[in-house]
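K.L.:
What follows is data-v8.pdb, made up of PDB, C-alpha atoms:
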MODEL        1
ATOM      1  CA  MET A  26      -7.046 -37.335  22.104
ATOM      2  CA  TYR A  27      -6.452 -37.242  18.335
ATOM      3  CA  THR A  28      -8.693 -40.261  17.725
ATOM      4  CA  ASP A  29     -11.883 -38.305  18.500
ATOM      5  CA  LYS A  30     -11.901 -36.517  15.161
ATOM      6  CA  LYS A  31     -11.481 -37.640  11.539
ATOM      7  CA  PHE A  32      -8.158 -36.763   9.968
ATOM      8  CA  LYS A  33      -6.673 -37.198   6.515
ATOM      9  CA  ILE A  34      -3.459 -39.063   5.747
ATOM     10  CA  VAL A  35      -2.079 -39.157   2.205
ATOM     11  CA  LEU A  36       0.101 -42.076   1.089
ATOM     12  CA  ILE A  37       2.229 -41.770  -2.045
ATOM     13  CA  ASP A  38       4.023 -44.956  -3.052
ATOM     14  CA  ASP A  39       4.419 -46.691  -6.408
ATOM     15  CA  ASP A  40       4.682 -50.185  -4.864
ATOM     16  CA  PRO A  41       1.137 -51.638  -4.739
ATOM     17  CA  SER A  42       1.903 -54.196  -2.023
ATOM     18  CA  MET A  43       3.581 -51.583   0.187
ATOM     19  CA  MET A  44       0.618 -49.286  -0.372
ATOM     20  CA  VAL A  45      -1.819 -51.965   0.810
ATOM     21  CA  MET A  46       0.316 -52.766   3.866
ATOM     22  CA  LEU A  47       0.639 -49.071   4.762
ATOM     23  CA  LYS A  48      -3.047 -48.357   4.356
ATOM     24  CA  ASP A  49      -4.029 -51.449   6.371
ATOM     25  CA  PHE A  50      -1.526 -50.587   9.094
ATOM     26  CA  ILE A  51      -2.708 -46.993   9.414
ATOM     27  CA  THR A  52      -6.422 -47.773   9.331
ATOM     28  CA  GLU A  53      -5.926 -50.502  11.938
ATOM     29  CA  LYS A  54      -3.983 -48.206  14.277
ATOM     30  CA  TYR A  55      -6.048 -45.085  13.616
ATOM     31  CA  THR A  56      -9.683 -45.950  13.036
ATOM     32  CA  ARG A  57     -10.571 -42.282  12.419
ATOM     33  CA  ALA A  58      -8.017 -41.936   9.627
ATOM     34  CA  ASP A  59      -9.244 -41.108   6.155
ATOM     35  CA  VAL A  60      -6.424 -42.549   4.048
ATOM     36  CA  ALA A  61      -5.988 -41.399   0.453
ATOM     37  CA  VAL A  62      -3.557 -43.398  -1.697
ATOM     38  CA  PHE A  63      -1.684 -42.314  -4.823
ATOM     39  CA  LYS A  64       0.804 -44.278  -6.933
ATOM     40  CA  THR A  65       2.606 -41.206  -8.276
ATOM     41  CA  GLY A  66       3.388 -37.817  -6.884
ATOM     42  CA  GLU A  67       1.795 -36.103  -9.859
ATOM     43  CA  GLU A  68      -1.420 -38.004  -9.205
ATOM     44  CA  ALA A  69      -1.310 -36.898  -5.576
ATOM     45  CA  LEU A  70      -0.661 -33.252  -6.415
ATOM     46  CA  SER A  71      -3.707 -33.176  -8.672
ATOM     47  CA  GLY A  72      -5.860 -35.278  -6.313
ATOM     48  CA  ILE A  73      -5.316 -33.675  -2.899
ATOM     49  CA  PHE A  74      -8.241 -31.285  -2.497
ATOM     50  CA  THR A  75      -8.077 -30.610   1.241
ATOM     51  CA  MET A  76      -5.065 -30.120   3.446
ATOM     52  CA  PRO A  77      -4.003 -33.471   4.872
ATOM     53  CA  GLU A  78      -2.881 -33.933   8.455
ATOM     54  CA  VAL A  79       0.217 -35.781   7.237
ATOM     55  CA  ILE A  80       1.719 -37.138   4.007
ATOM     56  CA  VAL A  81       3.754 -40.352   3.823
ATOM     57  CA  LEU A  82       5.925 -40.251   0.716
ATOM     58  CA  ASP A  83       8.256 -42.709  -1.015
ATOM     59  CA  TYR A  84      11.479 -41.355  -2.508
ATOM     60  CA  HIS A  85      11.585 -43.379  -5.739
ATOM     61  CA  LEU A  86       8.296 -43.097  -7.607
ATOM     62  CA  ASP A  87       9.305 -44.214 -11.094
ATOM     63  CA  SER A  88       8.175 -47.849 -11.266
ATOM     64  CA  VAL A  89       4.740 -46.926 -12.651
ATOM     65  CA  GLU A  90       5.901 -44.052 -14.842
ATOM     66  CA  PRO A  91       9.628 -43.912 -15.687
ATOM     67  CA  ASP A  92       9.551 -40.109 -16.038
ATOM     68  CA  ALA A  93       7.706 -39.549 -12.745
ATOM     69  CA  LEU A  94       8.976 -36.934 -10.333
ATOM     70  CA  ASN A  95      10.917 -38.323  -7.399
ATOM     71  CA  GLY A  96       9.923 -37.830  -3.786
ATOM     72  CA  LEU A  97      12.146 -34.811  -3.263
ATOM     73  CA  GLN A  98      10.551 -33.033  -6.224
ATOM     74  CA  ILE A  99       7.094 -33.899  -4.903
ATOM     75  CA  LEU A 100       8.085 -32.648  -1.436
ATOM     76  CA  LYS A 101       9.002 -29.253  -2.892
ATOM     77  CA  ASN A 102       5.603 -29.023  -4.612
ATOM     78  CA  VAL A 103       3.731 -30.180  -1.507
ATOM     79  CA  LYS A 104       5.515 -27.575   0.628
ATOM     80  CA  ASP A 105       4.432 -24.880  -1.846
ATOM     81  CA  LEU A 106       0.803 -26.001  -1.545
ATOM     82  CA  TYR A 107       0.684 -27.053   2.118
ATOM     83  CA  PRO A 108       3.699 -25.590   3.944
ATOM     84  CA  GLU A 109       2.446 -26.652   7.377
ATOM     85  CA  THR A 110       1.691 -30.281   6.461
ATOM     86  CA  PRO A 111       4.289 -32.710   7.837
ATOM     87  CA  VAL A 112       5.763 -35.049   5.226
ATOM     88  CA  ILE A 113       7.327 -38.335   6.311
ATOM     89  CA  PHE A 114       9.555 -40.105   3.824
ATOM     90  CA  LEU A 115       9.346 -43.895   3.851
ATOM     91  CA  SER A 116      11.840 -45.305   1.387
ATOM     92  CA  VAL A 117      14.252 -48.134   0.609
ATOM     93  CA  GLU A 118      16.893 -45.517  -0.181
ATOM     94  CA  GLU A 119      19.507 -45.825   2.580
ATOM     95  CA  LYS A 120      21.951 -43.103   1.530
ATOM     96  CA  PRO A 121      22.385 -40.575   4.360
ATOM     97  CA  GLU A 122      22.707 -37.704   1.872
ATOM     98  CA  VAL A 123      19.255 -38.525   0.457
ATOM     99  CA  ALA A 124      17.734 -38.479   3.928
ATOM    100  CA  MET A 125      19.484 -35.191   4.734
ATOM    101  CA  ASN A 126      18.261 -33.609   1.491
ATOM    102  CA  THR A 127      14.664 -34.493   2.306
ATOM    103  CA  ILE A 128      15.000 -33.011   5.793
ATOM    104  CA  ASN A 129      16.713 -29.905   4.407
ATOM    105  CA  TYR A 130      13.795 -29.392   1.999
ATOM    106  CA  GLY A 131      11.233 -29.623   4.779
ATOM    107  CA  ALA A 132      10.460 -33.283   5.423
ATOM    108  CA  TYR A 133       9.361 -34.021   8.973
ATOM    109  CA  ASP A 134      11.414 -37.221   9.075
ATOM    110  CA  TYR A 135      12.927 -39.974   6.950
ATOM    111  CA  ILE A 136      12.324 -43.678   7.583
ATOM    112  CA  VAL A 137      14.198 -46.453   5.799
ATOM    113  CA  LYS A 138      11.916 -49.348   4.850
ATOM    114  CA  ASN A 139      13.163 -52.119   7.116
ATOM    115  CA  GLU A 140      11.867 -54.269   9.986
ATOM    116  CA  ASN A 141      11.459 -51.195  12.252
ATOM    117  CA  ALA A 142       9.802 -48.927   9.687
ATOM    118  CA  PHE A 143       6.188 -49.440  10.698
ATOM    119  CA  HIS A 144       6.996 -49.017  14.387
ATOM    120  CA  ARG A 145       8.813 -45.735  13.673
ATOM    121  CA  LEU A 146       5.945 -44.610  11.448
ATOM    122  CA  GLU A 147       3.454 -45.296  14.231
ATOM    123  CA  ILE A 148       5.478 -43.190  16.679
ATOM    124  CA  LEU A 149       5.835 -40.311  14.211
ATOM    125  CA  LEU A 150       2.142 -40.354  13.300
ATOM    126  CA  ALA A 151       1.172 -40.319  16.974
ATOM    127  CA  ASN A 152       3.465 -37.338  17.574
ATOM    128  CA  ILE A 153       2.190 -35.417  14.560
ATOM    129  CA  LEU A 154      -1.470 -36.066  15.319
ATOM    130  CA  THR A 155      -1.023 -35.094  18.971
ATOM    131  CA  GLN A 156       0.763 -31.869  17.981
ATOM    132  CA  SER A 157      -1.987 -31.077  15.509
ATOM    133  CA  GLU A 158      -4.685 -31.592  18.128
ATOM    134  CA  LEU A 159      -2.791 -29.408  20.588
ATOM    135  CA  LYS A 160      -2.529 -26.637  17.974
ATOM    136  CA  ARG A 161      -6.272 -26.840  17.325
ATOM    137  CA  ASN A 162      -6.992 -26.698  21.053
ATOM    138  CA  LEU A 163      -4.657 -23.720  21.466
ATOM    139  CA  SER A 164      -6.442 -21.863  18.656
ATOM    140  CA  SER A 165      -9.806 -22.514  20.302
ATOM    141  CA  GLN A 166      -8.448 -21.404  23.662
ATOM    142  CA  LYS A 167      -7.111 -18.158  22.159
ATOM    143  CA  PHE A 168     -10.519 -17.436  20.612
ATOM    144  CA  PHE A 169     -12.357 -17.972  23.892
ATOM    145  CA  ASN A 170      -9.773 -15.919  25.806
ATOM    146  CA  ARG A 171     -10.337 -12.995  23.418
ATOM    147  CA  LEU A 172     -14.095 -13.372  23.709
ATOM    148  CA  LEU A 173     -13.863 -13.427  27.493
ATOM    149  CA  ALA A 174     -11.642 -10.312  27.463
ATOM    150  CA  ILE A 175     -14.147  -8.461  25.254
ATOM    151  CA  LEU A 176     -17.027  -9.445  27.531
ATOM    152  CA  LEU A 177     -15.074  -8.413  30.618
ATOM    153  CA  ILE A 178     -14.260  -5.025  29.065
ATOM    154  CA  ALA A 179     -17.928  -4.560  28.131
ATOM    155  CA  VAL A 180     -19.011  -5.357  31.708
ATOM    156  CA  VAL A 181     -16.447  -2.938  33.175
ATOM    157  CA  ILE A 182     -17.485  -0.174  30.753
ATOM    158  CA  GLY A 183     -21.145  -0.847  31.534
ATOM    159  CA  PHE A 184     -20.430  -0.703  35.265
ATOM    160  CA  VAL A 185     -18.491   2.583  34.907
ATOM    161  CA  ILE A 186     -21.283   4.136  32.852
ATOM    162  CA  PHE A 187     -23.880   2.931  35.371
ATOM    163  CA  LYS A 188     -21.885   4.494  38.254
ATOM    164  CA  MET A 189     -21.444   7.759  36.368
ATOM    165  CA  LEU A 190     -25.156   8.045  35.591
ATOM    166  CA  GLY A 191     -26.376   6.786  38.926
TER     167      GLY A 191
ENDMDL
END
Since I need it in another form, could you write the structure as structure tokens?
P.N.:
Amino acid sequence: MYTDKKFKIVLIDDDPSMMVMLKDFITEKYTRADVAVFKTGEEALSGIFTMPEVIVLDYHLDSVEPDALNGLQILKNVKDLYPETPVIFLSVEEKPEVAMNTINYGAYDYIVKNENAFHRLEILLANILTQSELKRNLSSQKFFNRLLAILLIAVVIGFVIFKMLG
């Protein structure tokens, strides 16, 4: 269903090897994915020009730039720009309070980088992309329902006028 159309996924991670693994994993699983990669959140905020379908974000983003904003700060900015875009955290940070903070500030989910991380990411991406496709289909259906209602009203009015004149 969601593989019929191109969609954009943004990856923000300061670990180059993790970035390569994530991008390869996503493009292998989702051949229609247009994956944009950024090594800092600031770079992502200035480089995202169209609303992505989903953002995968690391929590600690300070290995490239020591003063870089952390994932929670980037999440707040992303939610200001794209409030409807789901953000999945993928991080080595295992503290439950960190995960809860990200969820409280609007993250879709929080995944700890471990042996199950890519499997969980695949499930979450599938859910998000399916939901997005369903929303698009619902919008199209609403449009055609309104159009059909307008046409039906026009036919009824035309019929009434025809009967009145004839």
K.L.:
Using all atoms listed in the file, which residue out of A:Ala151, A:Leu97, A:Ala174, A:Leu70 lies closest to Met125 (chain A)?
P.N.:
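Closest to Met125 (chain A), using all atoms listed in the file: A:Leu97.
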K.L.:
Please compute the CA of Val137 (chain A)-CA of Met43 (chain A) distance, one decimal, in Å.
P.N.:
13.1 Å
K.L.:
Could you tell me which residues the PyMOL selection byres ((chain A and resi 119-123) around 12) returns for this structure, as JSON, numbers by chain?
P.N.:
{"A": [83, 84, 85, 95, 96, 97, 114, 115, 116, 117, 118, 124, 125, 126, 127, 128, 129, 130, 132, 134, 135, 136, 137, 138, 139]}
K.L.:
If you keep C-alpha atoms, can you produce a file of those selected residues as a compact mmCIF listing (two decimals), in the coordinates of the input?
P.N.:
# COMPACT_ATOMS: atom_id res chain seq x y z
CA ASP A 83 8.26 -42.71 -1.01
CA TYR A 84 11.48 -41.36 -2.51
CA HIS A 85 11.58 -43.38 -5.74
CA ASN A 95 10.92 -38.32 -7.40
CA GLY A 96 9.92 -37.83 -3.79
CA LEU A 97 12.15 -34.81 -3.26
CA PHE A 114 9.56 -40.10 3.82
CA LEU A 115 9.35 -43.90 3.85
CA SER A 116 11.84 -45.30 1.39
CA VAL A 117 14.25 -48.13 0.61
CA GLU A 118 16.89 -45.52 -0.18
CA ALA A 124 17.73 -38.48 3.93
CA MET A 125 19.48 -35.19 4.73
CA ASN A 126 18.26 -33.61 1.49
CA THR A 127 14.66 -34.49 2.31
CA ILE A 128 15.00 -33.01 5.79
CA ASN A 129 16.71 -29.90 4.41
CA TYR A 130 13.80 -29.39 2.00
CA ALA A 132 10.46 -33.28 5.42
CA ASP A 134 11.41 -37.22 9.07
CA TYR A 135 12.93 -39.97 6.95
CA ILE A 136 12.32 -43.68 7.58
CA VAL A 137 14.20 -46.45 5.80
CA LYS A 138 11.92 -49.35 4.85
CA ASN A 139 13.16 -52.12 7.12
K.L.:
Check the smallest atom-to-atom distance from each of A:Glu158, A:Glu147, A:Asp92, A:Glu78 to Pro108 (chain A) using all atoms listed in the file, then report the winner.
P.N.:
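When distances to Pro108 (chain A) are compared using all atoms listed in the file, the smallest one comes from A:Glu78.
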K.L.:
Hey, what comes out of the PyMOL selection byres ((chain A and resi 88) around 12) on this file? Could you write it as a PDB file with C-alpha atoms, keeping the file's coordinate frame?
P.N.:
ATOM      1  CA  ASP A  38       4.023 -44.956  -3.052  1.00  0.00           C
ATOM      2  CA  ASP A  39       4.419 -46.691  -6.408  1.00  0.00           C
ATOM      3  CA  ASP A  40       4.682 -50.185  -4.864  1.00  0.00           C
ATOM      4  CA  PRO A  41       1.137 -51.638  -4.739  1.00  0.00           C
ATOM      5  CA  LYS A  64       0.804 -44.278  -6.933  1.00  0.00           C
ATOM      6  CA  THR A  65       2.606 -41.206  -8.276  1.00  0.00           C
ATOM      7  CA  GLY A  66       3.388 -37.817  -6.884  1.00  0.00           C
ATOM      8  CA  ASP A  83       8.256 -42.709  -1.015  1.00  0.00           C
ATOM      9  CA  TYR A  84      11.479 -41.355  -2.508  1.00  0.00           C
ATOM     10  CA  HIS A  85      11.585 -43.379  -5.739  1.00  0.00           C
ATOM     11  CA  LEU A  86       8.296 -43.097  -7.607  1.00  0.00           C
ATOM     12  CA  ASP A  87       9.305 -44.214 -11.094  1.00  0.00           C
ATOM     13  CA  VAL A  89       4.740 -46.926 -12.651  1.00  0.00           C
ATOM     14  CA  GLU A  90       5.901 -44.052 -14.842  1.00  0.00           C
ATOM     15  CA  PRO A  91       9.628 -43.912 -15.687  1.00  0.00           C
ATOM     16  CA  ASP A  92       9.551 -40.109 -16.038  1.00  0.00           C
ATOM     17  CA  ALA A  93       7.706 -39.549 -12.745  1.00  0.00           C
ATOM     18  CA  LEU A  94       8.976 -36.934 -10.333  1.00  0.00           C
ATOM     19  CA  ASN A  95      10.917 -38.323  -7.399  1.00  0.00           C
TER      20      ASN A  95
END
K.L.:
Under the rule that all atoms listed in the file are counted, which of A:Met44, A:Ala69, A:Met76, A:Ile153 is the nearest residue to Pro111 (chain A)?
P.N.:
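When distances to Pro111 (chain A) are compared using all atoms listed in the file, the smallest one comes from A:Ile153.
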K.L.:
So which residues touch Tyr55 (chain A) within 12 Å, counting all atoms listed in the file, skipping near sequence neighbours fewer than 2 positions away, as a list in words?
P.N.:
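In the requested form, the answer reads Met26, Tyr27, Thr28, Asp29, Lys30, Lys31, Phe32, Lys33, Ile34, Leu47, Lys48, Asp49, Phe50, Ile51, Thr52, Glu53, Arg57, Ala58, Asp59, Val60, Glu147, Leu150, Ala151 and Leu154 of chain A.
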K.L.:
Those selected residues, please, written with C-alpha atoms and delivered as a PDB file, keeping the file's coordinate frame.
P.N.:
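Resulting contents of selection_11.pdb:
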ATOM      1  CA  MET A  26      -7.046 -37.335  22.104  1.00  0.00           C
ATOM      2  CA  TYR A  27      -6.452 -37.242  18.335  1.00  0.00           C
ATOM      3  CA  THR A  28      -8.693 -40.261  17.725  1.00  0.00           C
ATOM      4  CA  ASP A  29     -11.883 -38.305  18.500  1.00  0.00           C
ATOM      5  CA  LYS A  30     -11.901 -36.517  15.161  1.00  0.00           C
ATOM      6  CA  LYS A  31     -11.481 -37.640  11.539  1.00  0.00           C
ATOM      7  CA  PHE A  32      -8.158 -36.763   9.968  1.00  0.00           C
ATOM      8  CA  LYS A  33      -6.673 -37.198   6.515  1.00  0.00           C
ATOM      9  CA  ILE A  34      -3.459 -39.063   5.747  1.00  0.00           C
ATOM     10  CA  LEU A  47       0.639 -49.071   4.762  1.00  0.00           C
ATOM     11  CA  LYS A  48      -3.047 -48.357   4.356  1.00  0.00           C
ATOM     12  CA  ASP A  49      -4.029 -51.449   6.371  1.00  0.00           C
ATOM     13  CA  PHE A  50      -1.526 -50.587   9.094  1.00  0.00           C
ATOM     14  CA  ILE A  51      -2.708 -46.993   9.414  1.00  0.00           C
ATOM     15  CA  THR A  52      -6.422 -47.773   9.331  1.00  0.00           C
ATOM     16  CA  GLU A  53      -5.926 -50.502  11.938  1.00  0.00           C
ATOM     17  CA  ARG A  57     -10.571 -42.282  12.419  1.00  0.00           C
ATOM     18  CA  ALA A  58      -8.017 -41.936   9.627  1.00  0.00           C
ATOM     19  CA  ASP A  59      -9.244 -41.108   6.155  1.00  0.00           C
ATOM     20  CA  VAL A  60      -6.424 -42.549   4.048  1.00  0.00           C
ATOM     21  CA  GLU A 147       3.454 -45.296  14.231  1.00  0.00           C
ATOM     22  CA  LEU A 150       2.142 -40.354  13.300  1.00  0.00           C
ATOM     23  CA  ALA A 151       1.172 -40.319  16.974  1.00  0.00           C
ATOM     24  CA  LEU A 154      -1.470 -36.066  15.319  1.00  0.00           C
TER      25      LEU A 154
END
K.L.:
Applying the PyMOL selection byres ((chain A and resi 80) around 8) to the file I just gave you, which residues come out? Please list them as a count of residues only.
P.N.:
13
K.L.:
Would you mind telling me which residue in A:Ser42, A:Asn141, A:Ser157, A:Ser71 lies nearest to Glu109 (chain A) when using all atoms listed in the file?
P.N.:
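Counting all atoms listed in the file, the residue closest to Glu109 (chain A) is A:Ser157.
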K.L.:
Taking into account all atoms listed in the file, which residue in the set A:Tyr133, A:Glu67, A:Phe74, A:Leu172 is nearest to Asn102 (chain A)?
P.N.:
A:Glu67
K.L.:
For a test of reading the model, state the distance in Å between CA of Val45 (chain A) and CA of Ile99 (chain A), rounded to one decimal.
P.N.:
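Taking CA of Val45 (chain A) and CA of Ile99 (chain A), their separation equals 20.9 Å.
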K.L.:
What does the distance from CA of Thr56 (chain A) to CA of Leu149 (chain A) come to in Å, to one decimal?
P.N.:
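Going from CA of Thr56 (chain A) over to CA of Leu149 (chain A), I get 16.6 Å.
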K.L.:
Given 8 Å of margin on each side, can you work out the centre and size in Å (one decimal) of an axis-aligned box holding every listed atom of region 74-91 of chain A, as lines of an AutoDock Vina configuration file?
P.N.:
center_x = 1.7
center_y = -39.0
center_z = -3.6
size_x = 35.8
size_y = 33.7
size_z = 40.1
